[in-house]
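Here is the file run-v4.txt (compact mmCIF, C-alpha atoms).
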```
# COMPACT_ATOMS: atom_id res chain seq x y z
CA MET C 27 115.13 80.15 327.44
CA MET C 28 113.13 83.29 326.71
CA ASN C 29 115.61 85.37 328.70
CA ILE C 30 118.24 84.62 326.06
CA GLY C 31 116.32 86.62 323.46
CA LYS C 32 115.67 89.50 325.87
CA ASN C 33 119.33 89.62 326.84
CA VAL C 34 120.53 89.64 323.22
CA TRP C 35 118.05 92.39 322.30
CA GLY C 36 119.12 94.40 325.34
CA GLU C 37 122.77 94.06 324.31
CA THR C 38 121.96 95.04 320.71
CA ILE C 39 119.96 98.12 321.70
CA GLN C 40 122.70 99.10 324.17
CA ARG C 41 125.24 98.84 321.33
CA ILE C 42 123.18 101.11 319.05
CA TYR C 43 121.84 103.53 321.71
CA PRO C 44 124.29 103.49 324.66
CA ASP C 45 122.37 106.14 326.68
CA LEU C 46 118.89 104.63 326.31
CA PHE C 47 117.19 103.12 329.38
CA ILE C 48 116.16 99.47 328.68
CA PHE C 49 113.65 97.54 330.78
CA ASP C 50 111.59 94.36 330.51
CA ASP C 51 109.38 94.45 333.61
CA GLN C 52 105.72 94.21 332.58
CA ALA C 53 104.43 95.77 335.84
CA THR C 54 106.68 98.83 335.43
CA TRP C 55 105.57 99.22 331.84
CA ASN C 56 101.86 98.94 332.68
CA SER C 57 102.18 101.47 335.52
CA GLY C 58 103.99 103.97 333.29
CA GLN C 59 106.57 104.66 336.01
CA PHE C 60 109.73 104.55 333.89
CA VAL C 61 112.36 106.96 332.66
CA ARG C 62 111.94 108.51 329.20
CA PRO C 63 113.37 108.09 326.60
CA SER C 64 113.43 104.33 327.05
CA VAL C 65 112.68 101.03 325.37
CA PHE C 66 110.54 98.18 326.68
CA VAL C 67 111.54 94.68 325.49
CA GLU C 68 109.08 91.78 325.52
CA THR C 69 109.57 88.34 323.95
CA ASP C 70 107.08 85.53 323.42
CA LEU C 71 107.85 81.90 322.55
CA VAL C 72 106.25 80.80 319.26
CA SER C 73 107.73 77.33 318.79
CA GLU C 74 110.50 75.03 319.89
CA LYS C 75 111.56 72.27 317.49
CA THR C 76 114.36 69.72 317.48
CA HIS C 77 116.81 70.81 314.78
CA THR C 78 119.53 68.17 315.27
CA PRO C 79 120.05 65.61 318.06
CA GLN C 80 122.09 68.24 319.93
CA SER C 81 120.25 71.47 319.09
CA ILE C 82 116.79 72.98 319.30
CA ARG C 83 115.49 75.76 317.04
CA ILE C 84 113.67 78.38 319.09
CA ILE C 85 111.30 80.77 317.29
CA GLU C 86 110.14 83.83 319.24
CA ASP C 87 108.35 87.11 318.67
CA VAL C 88 109.80 90.30 320.09
CA GLY C 89 108.15 93.62 320.75
CA LEU C 90 110.33 96.69 321.20
CA VAL C 91 108.44 99.78 322.39
CA PHE C 92 110.54 102.94 322.08
CA HIS C 93 109.08 105.62 324.37
CA TYR C 94 109.74 109.22 323.35
CA ASP C 95 110.81 111.95 325.72
CA PHE C 96 108.57 115.00 326.21
CA GLU C 97 109.36 118.69 325.77
CA ARG C 98 109.58 120.22 329.24
CA ILE C 99 107.76 123.55 329.25
CA SER C 100 107.13 123.52 333.00
CA GLN C 101 107.10 120.97 335.82
CA GLU C 102 103.37 120.22 335.59
CA ASP C 103 103.10 120.34 331.77
CA LYS C 104 104.56 117.45 329.79
CA GLY C 105 104.58 119.19 326.45
CA GLU C 106 104.80 117.54 323.04
CA PRO C 107 106.61 114.21 322.51
CA ILE C 108 110.03 114.47 320.86
CA PRO C 109 110.22 111.74 318.16
CA PHE C 110 113.10 109.32 318.55
CA ASP C 111 115.42 108.66 315.59
CA LEU C 112 115.15 104.93 314.85
CA SER C 113 117.10 105.02 311.59
CA PRO C 114 120.33 103.76 313.30
CA PHE C 115 118.41 100.69 314.52
CA PHE C 116 117.02 99.84 311.08
CA LEU C 117 120.39 100.59 309.45
CA TYR C 118 122.08 98.20 311.91
CA LEU C 119 119.60 95.44 310.98
CA ARG C 120 120.12 95.98 307.24
CA GLN C 121 123.93 96.16 307.52
CA ASN C 122 123.98 92.87 309.41
CA ARG C 123 121.53 91.32 306.94
CA TYR C 124 119.00 90.74 309.69
CA CYS C 125 121.37 88.49 311.64
CA ILE C 126 122.10 89.75 315.16
CA ALA C 127 125.27 88.28 316.67
CA SER C 128 125.69 88.63 320.42
CA GLN C 129 129.29 88.84 321.57
CA ARG C 130 128.40 88.60 325.24
CA PHE C 131 125.95 85.66 325.07
CA LYS C 132 127.55 83.80 322.11
CA MET C 133 124.24 83.61 320.27
CA MET C 134 123.06 84.58 316.78
CA LEU C 135 119.50 85.60 316.04
CA VAL C 136 118.07 85.38 312.53
CA VAL C 137 115.50 88.17 312.24
CA GLU C 138 112.56 88.55 309.87
CA PRO C 139 111.76 92.04 308.55
CA PRO C 140 110.13 94.21 311.25
CA ARG C 141 106.66 95.69 311.42
CA THR C 142 106.25 99.15 312.93
CA ARG C 143 103.32 100.94 314.53
CA GLU C 144 103.66 104.56 315.56
CA LYS C 145 101.60 106.07 318.33
CA ASN C 146 101.60 109.58 319.78
CA ASP C 147 104.43 109.12 322.29
CA GLN C 148 105.97 105.79 321.26
CA MET C 149 107.00 103.56 318.36
CA GLU C 150 106.29 99.81 318.49
CA ILE C 151 108.51 97.49 316.48
CA THR C 152 107.57 93.80 316.29
CA PHE C 153 109.19 90.94 314.44
CA ARG C 154 109.90 87.23 314.60
CA TYR C 155 113.36 85.76 315.05
CA SER C 156 114.92 82.35 315.57
CA TYR C 157 118.08 80.90 317.08
CA LEU C 158 119.63 77.51 317.79
CA LEU C 159 120.07 76.37 321.36
CA HIS C 160 122.64 73.68 322.21
CA VAL C 161 121.37 70.64 324.08
CA PRO C 162 124.12 68.72 325.90
CA LYS C 163 124.40 65.05 325.02
CA ARG C 164 123.43 62.68 327.82
CA THR C 165 126.37 60.74 329.23
CA VAL C 166 124.56 59.01 332.12
CA THR C 167 121.40 56.87 332.06
CA ASP C 168 118.49 57.37 334.46
CA ASP C 169 119.80 54.65 336.79
CA GLY C 170 123.26 56.26 337.02
CA ARG C 171 125.23 54.06 334.59
CA GLU C 172 127.54 55.82 332.16
CA ILE C 173 126.60 55.59 328.49
CA MET C 174 129.38 53.94 326.52
CA LYS C 175 130.66 55.90 323.57
CA ILE C 176 131.34 53.98 320.36
CA ASN C 177 134.92 54.70 319.31
CA ASP C 178 135.62 51.76 316.99
CA PHE C 179 133.62 51.03 313.85
CA TYR C 180 133.89 47.82 311.81
CA VAL C 181 132.74 47.19 308.26
CA GLU C 182 132.59 44.01 306.24
CA ALA C 183 134.79 44.01 303.13
CA ASN C 184 135.45 40.94 300.96
CA GLY C 185 133.94 38.66 303.58
CA GLN C 186 136.21 39.96 306.37
CA GLU C 187 135.48 42.35 309.20
CA VAL C 188 137.79 45.40 308.92
CA LYS C 189 138.20 48.27 311.36
CA ALA C 190 137.09 51.48 309.63
```
Do you think you could lay out the structure here as structure tokens?
Amino acid sequence: MMNIGKNVWGETIQRIYPDLFIFDDQATWNSGQFVRPSVFVETDLVSEKTHTPQSIRIIEDVGLVFHYDFERISQEDKGEPIPFDLSPFFLYLRQNRYCIASQRFKMMLVVEPPRTREKNDQMEITFRYSYLLHVPKRTVTDDGREIMKINDFYVEANGQEVKA
């Protein structure tokens, strides 16, 4: 289930920044062996509650770490980090009223306002979001018998049973 959130965030970032490298591998991120500029996406499940008999509300936290590129003075010298313009990302969130609709995955995320933390060579954006996940209705019991669907309803009116 947590891959749904990562996939939707990847699609959203790709829509806003088409040339930005996106990755979600924790080992690659910890080793620092990734292309810059890039964004690291990490999601964490907060809660999972039954919303209706056929849907579950998933609440997750996401961390987006935008890594800046460096000025290249020479091969061995990294140089100063070049800050990344994140205003298109925040503008996209505000224009969509903090509701991210995925066209590819047919999912809508409801996003809370983000929190940012800037470091020397990166910008961390964290926020909480939720979405509904469809749960298919069971049509077969554990022993293999098909569950009968009720198609006819009867009510009592004036002492008689009438089909509703």
Q. Which distance in Å separates CA of Arg154 in chain C and CA of Ile82 in chain C, to one decimal?
A.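 It comes out at 16.5 Å.
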Residues of range 85-125 of chain C at most 7 Å from range 71-81 of chain C: nearest atom pair and distance in Å, all atoms listed in the file, as a Markdown table:
```
| residue | atom | partner | partner_atom | distance |
| --- | --- | --- | --- | --- |
| C:Ile85 | CA | C:Ser73 | CA | 5.2 |
| C:Glu86 | CA | C:Leu71 | CA | 4.5 |
| C:Asp87 | CA | C:Leu71 | CA | 6.5 |
```
Q: Pick out the closest residue to Pro107 in chain C from this set: C:Val67, C:Val161, C:Met149, C:Leu135. Count all atoms listed in the file.
A: C:Met149
Q: Using only C-alpha atoms, pick whichever of C:Gln129, C:Gln148, C:Gln121, C:Asn184 has the shortest atom-to-atom distance to Phe66 in chain C.
A: C:Gln148
(Q) Quick one: residues within 12 Å of range 36-47 of chain C, only C-alpha atoms, excluding same-chain residues fewer than 3 positions away - as a ChimeraX atom specification? (A) /C:29-33,50,60-69,88-95,110-119,122,125-135
**Q.** Interatomic distance (Å, one decimal) between CA of Lys104 in chain C and CA of Asn56 in chain C
**A.**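 Value for the CA of Lys104 in chain C-CA of Asn56 in chain C distance: 18.9 Å.
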Q) Given the choices C:Pro109, C:Ala53, C:Ala190, C:Val181, which gets closest to Glu144 in chain C if the distance is worked out from all atoms listed in the file? A)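 Under the stated criterion, the closest residue is C:Pro109.
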Produce the centre coordinates and the three edge lengths, each in Å to one decimal, of the box along x, y and z that contains all listed atoms of range 177-180 of chain C with 3 Å added on each side, as JSON.
```
{"center_x": 134.6, "center_y": 51.3, "center_z": 315.6, "size_x": 8.0, "size_y": 12.9, "size_z": 13.5}
```
Q. What does the distance between CA of Glu106 in chain C and CA of Trp35 in chain C come to in Å, to one decimal place?
A. 28.4 Å
Q. Which one is closest to Ile84 in chain C: C:Phe96, C:Tyr124, C:Tyr155, C:Phe49? Count all atoms listed in the file.
A. C:Tyr155
